[in-house]
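Engineer: Just structure-v1.cif, nothing more (mmCIF, C-alpha atoms):
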data_entry
#
loop_
_atom_site.label_atom_id
_atom_site.label_comp_id
_atom_site.auth_asym_id
_atom_site.auth_seq_id
_atom_site.Cartn_x
_atom_site.Cartn_y
_atom_site.Cartn_z
CA SER A 1 18.69 12.83 -14.93
CA THR A 2 21.52 11.14 -13.10
CA GLN A 3 20.50 12.71 -9.77
CA SER A 4 19.75 10.00 -7.22
CA THR A 5 17.38 9.92 -4.26
CA TRP A 6 20.22 10.91 -1.90
CA GLY A 7 21.15 14.08 -3.76
CA PHE A 8 24.44 13.02 -5.34
CA ASP A 9 25.21 12.31 -8.97
CA ARG A 10 25.01 8.58 -9.79
CA SER A 11 27.77 8.74 -12.38
CA SER A 12 30.24 10.22 -9.90
CA PHE A 13 29.05 7.71 -7.30
CA MET A 14 29.86 4.85 -9.64
CA ALA A 15 33.25 6.36 -10.53
CA GLN A 16 34.38 6.95 -6.95
CA GLN A 17 33.73 5.52 -3.53
CA ILE A 18 31.58 7.81 -1.36
CA GLU A 19 32.82 8.71 2.09
CA VAL A 20 30.48 7.88 4.95
CA ARG A 21 30.77 9.12 8.55
CA ASP A 22 29.39 5.93 10.15
CA LYS A 23 29.23 2.94 7.82
CA ASP A 24 27.18 0.79 10.19
CA ALA A 25 24.54 3.52 10.59
CA PHE A 26 24.59 4.13 6.83
CA PHE A 27 23.96 0.47 6.00
CA GLU A 28 21.29 0.19 8.72
CA CYS A 29 19.47 3.25 7.37
CA ASN A 30 19.80 1.96 3.84
CA GLN A 31 18.38 -1.42 4.84
CA LYS A 32 15.44 0.18 6.66
CA HIS A 33 14.88 2.43 3.65
CA GLN A 34 14.58 -0.62 1.39
CA GLU A 35 12.21 -2.31 3.87
CA PHE A 36 9.91 0.71 3.96
CA LYS A 37 10.03 1.03 0.15
CA THR A 38 8.89 -2.62 -0.06
CA LYS A 39 6.10 -1.99 2.48
CA LEU A 40 5.02 1.07 0.49
CA VAL A 41 4.76 -0.97 -2.72
CA GLN A 42 2.79 -3.65 -0.86
CA ALA A 43 0.40 -1.05 0.58
CA GLU A 44 -0.18 0.44 -2.87
CA ALA A 45 -0.88 -3.02 -4.30
CA LYS A 46 -3.29 -3.77 -1.43
CA LEU A 47 -5.11 -0.50 -2.11
CA GLN A 48 -5.58 -1.51 -5.74
CA VAL A 49 -7.02 -4.88 -4.68
CA ILE A 50 -9.36 -3.21 -2.17
CA GLU A 51 -10.53 -0.72 -4.81
CA ARG A 52 -11.25 -3.53 -7.30
CA GLU A 53 -13.20 -5.56 -4.73
CA LYS A 54 -15.06 -2.48 -3.56
CA ASN A 55 -16.11 -1.63 -7.13
CA ARG A 56 -17.23 -5.22 -7.73
CA THR A 57 -19.28 -5.21 -4.52
CA GLN A 58 -20.89 -1.86 -5.41
CA LEU A 59 -21.81 -3.17 -8.84
CA THR A 60 -23.36 -6.32 -7.35
CA LEU A 61 -25.26 -4.22 -4.79
CA ARG A 62 -26.58 -1.96 -7.56
CA GLU A 63 -27.85 -5.03 -9.44
CA CYS A 64 -29.47 -6.41 -6.26
CA GLN A 65 -31.32 -3.12 -5.67
CA ASN A 66 -33.39 -3.75 -8.80
CA LEU A 67 -34.62 -7.13 -7.55
CA PRO A 68 -37.95 -7.41 -5.69
CA ASP A 69 -37.75 -8.23 -1.97
CA SER A 70 -39.48 -11.56 -2.62
CA ALA A 71 -36.62 -12.73 -4.87
CA ASN A 72 -34.02 -15.23 -3.82
CA CYS A 73 -30.32 -14.91 -4.57
CA PHE A 74 -27.57 -17.46 -4.76
CA LYS A 75 -24.36 -16.65 -2.98
CA PRO A 76 -21.24 -18.50 -4.16
CA LEU A 77 -19.76 -20.66 -1.43
CA GLY A 78 -16.73 -22.52 -2.76
CA ARG A 79 -18.03 -24.84 -5.49
CA ALA A 80 -21.62 -24.61 -4.27
CA PHE A 81 -24.22 -21.87 -4.13
CA LEU A 82 -26.19 -20.90 -1.05
CA LYS A 83 -29.80 -19.77 -1.56
CA GLN A 84 -30.73 -16.73 0.51
CA PRO A 85 -33.27 -13.87 0.44
CA VAL A 86 -32.25 -10.78 -1.52
CA GLN A 87 -32.37 -8.57 1.60
CA GLU A 88 -29.85 -10.82 3.34
CA MET A 89 -27.60 -10.52 0.29
CA ARG A 90 -27.91 -6.72 0.36
CA ASP A 91 -27.01 -6.67 4.05
CA ASP A 92 -23.94 -8.83 3.38
CA LEU A 93 -22.86 -6.52 0.56
CA HIS A 94 -23.25 -3.41 2.77
CA ARG A 95 -21.19 -5.16 5.47
CA HIS A 96 -18.47 -5.93 2.91
CA LEU A 97 -18.42 -2.30 1.76
CA ARG A 98 -17.92 -1.08 5.33
CA LYS A 99 -15.12 -3.63 5.78
CA PHE A 100 -13.45 -2.44 2.57
CA ASP A 101 -13.72 1.19 3.72
CA ASP A 102 -12.04 0.30 7.03
CA GLU A 103 -9.27 -1.66 5.28
CA GLU A 104 -8.76 1.18 2.81
CA SER A 105 -8.42 3.71 5.62
CA GLN A 106 -5.93 1.53 7.53
CA THR A 107 -3.87 0.89 4.39
CA GLU A 108 -3.82 4.61 3.52
CA ASN A 109 -2.48 5.28 7.04
CA GLN A 110 0.20 2.61 6.56
CA LYS A 111 1.14 4.13 3.21
CA ALA A 112 1.45 7.62 4.73
CA PHE A 113 3.56 6.23 7.59
CA CYS A 114 5.89 4.48 5.12
CA LYS A 115 6.30 7.64 3.06
CA ARG A 116 7.12 9.64 6.20
CA LYS A 117 9.68 7.06 7.36
CA ILE A 118 11.26 6.96 3.89
CA ARG A 119 11.71 10.75 3.94
CA GLU A 120 13.24 10.58 7.44
CA LEU A 121 15.63 7.81 6.43
CA GLU A 122 16.66 9.65 3.27
CA ALA A 123 17.51 12.71 5.39
CA SER A 124 19.52 10.53 7.77
CA ILE A 125 21.43 8.95 4.90
CA ARG A 126 22.20 12.39 3.43
CA GLU A 127 23.59 13.47 6.81
CA LEU A 128 25.84 10.40 6.95
CA ILE A 129 27.38 11.06 3.55
CA VAL A 130 30.44 13.30 3.66
CA PRO A 131 30.42 15.82 0.82
CA PRO A 132 33.26 15.25 -1.69
CA ARG A 133 36.38 17.35 -1.19
CA ARG A 134 37.27 19.71 -4.01
#
What do you get writing this file as structure tokens?

Structural biologist:
Amino acid sequence: STQSTWGFDRSSFMAQQIEVRDKDAFFECNQKHQEFKTKLVQAEAKLQVIEREKNRTQLTLRECQNLPDSANCFKPLGRAFLKQPVQEMRDDLHRHLRKFDDEESQTENQKAFCKRKIRELEASIRELIVPPRR
């Protein structure tokens, strides 16, 4: 389909110059639209990273649950490993999961905000475009 985001045909847009009521407002809205699109892509990428880390942490926690309480674990710390009791490791993993849940919630809110702003800006841009005369 040649229909664009703004509701006009791309092929006719390329063939003729569109008429805009307020060019400065149009370009400002267009710039903000691009900024929010970029932020939306970044939020989606961050959500993927959070999901991957969350899954990895859950898998590690599941493996630690099978260990006896008397066992020791080794936590990676840069190039070294830190020896610690398994219960301390479990507590750290639970803390990480809560942190990931909080980050995921905040990022979902950012994503929803970006989507809402994008819709608002698209409506503003449509209002600024003068329909072609026939």

Engineer: Give me, as a list in words, all polymer residues having an atom no more than 12 Å from segment 38-49 of chain A, counting all atoms listed in the file and skipping those fewer than 5 positions away in the same chain.

Structural biologist: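 Answer for this query is Gln31, Lys32, His33, Lys54, Asn55, Arg56, Phe100, Asp101, Asp102, Glu103, Glu104, Ser105, Gln106, Thr107, Glu108, Asn109, Gln110, Lys111, Ala112, Phe113, Cys114, Lys115, Arg116, Lys117 and Ile118 of chain A.
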
Engineer: Could you check how far atom CA of Gln34 of chain A sits from atom CA of Glu53 of chain A, in Å to one decimal?

Structural biologist: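 Distance reported for this atom pair: 28.9 Å.
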
Engineer: Rounded to one decimal in Å, what is the spacing between atom CA of Arg95 of chain A and atom CA of Gln58 of chain A?

Structural biologist: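 Computing the Euclidean distance for atom CA of Arg95 of chain A and atom CA of Gln58 of chain A yields 11.4 Å.
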
Engineer: Using all atoms of segment 61-72 of chain A listed in the file and a margin of 5 Å per side, can you give the axis-aligned box centre and edge lengths in Å to one decimal, as JSON?

Structural biologist:
{"center_x": -32.4, "center_y": -8.6, "center_z": -5.7, "size_x": 24.2, "size_y": 23.3, "size_z": 17.5}

Engineer: So which residues get picked by the PyMOL selection byres ((chain A and resi 88) around 12) here, written as number ranges by chain?

Structural biologist: A: 61, 64-65, 69-75, 82-87, 89-95

Engineer: What is the distance between atom CA of Val20 of chain A and atom CA of Glu35 of chain A, in Å to one decimal?

Structural biologist: 20.9 Å

Engineer: Apply the PyMOL selection byres ((chain A and resi 122) around 10) to the structure shown and report the selected residues as a VMD selection string.

Structural biologist: chain A and resid 5 to 7 29 to 30 33 116 to 121 123 to 128

Engineer: For the selection you just gave me, I'd like the residues written to a file as a PDB file, in the frame of the given file, keeping C-alpha atoms.

Structural biologist:
ATOM      1  CA  THR A   5      17.380   9.920  -4.260  1.00  0.00           C
ATOM      2  CA  TRP A   6      20.220  10.910  -1.900  1.00  0.00           C
ATOM      3  CA  GLY A   7      21.150  14.080  -3.760  1.00  0.00           C
ATOM      4  CA  CYS A  29      19.470   3.250   7.370  1.00  0.00           C
ATOM      5  CA  ASN A  30      19.800   1.960   3.840  1.00  0.00           C
ATOM      6  CA  HIS A  33      14.880   2.430   3.650  1.00  0.00           C
ATOM      7  CA  ARG A 116       7.120   9.640   6.200  1.00  0.00           C
ATOM      8  CA  LYS A 117       9.680   7.060   7.360  1.00  0.00           C
ATOM      9  CA  ILE A 118      11.260   6.960   3.890  1.00  0.00           C
ATOM     10  CA  ARG A 119      11.710  10.750   3.940  1.00  0.00           C
ATOM     11  CA  GLU A 120      13.240  10.580   7.440  1.00  0.00           C
ATOM     12  CA  LEU A 121      15.630   7.810   6.430  1.00  0.00           C
ATOM     13  CA  ALA A 123      17.510  12.710   5.390  1.00  0.00           C
ATOM     14  CA  SER A 124      19.520  10.530   7.770  1.00  0.00           C
ATOM     15  CA  ILE A 125      21.430   8.950   4.900  1.00  0.00           C
ATOM     16  CA  ARG A 126      22.200  12.390   3.430  1.00  0.00           C
ATOM     17  CA  GLU A 127      23.590  13.470   6.810  1.00  0.00           C
ATOM     18  CA  LEU A 128      25.840  10.400   6.950  1.00  0.00           C
TER      19      LEU A 128
END
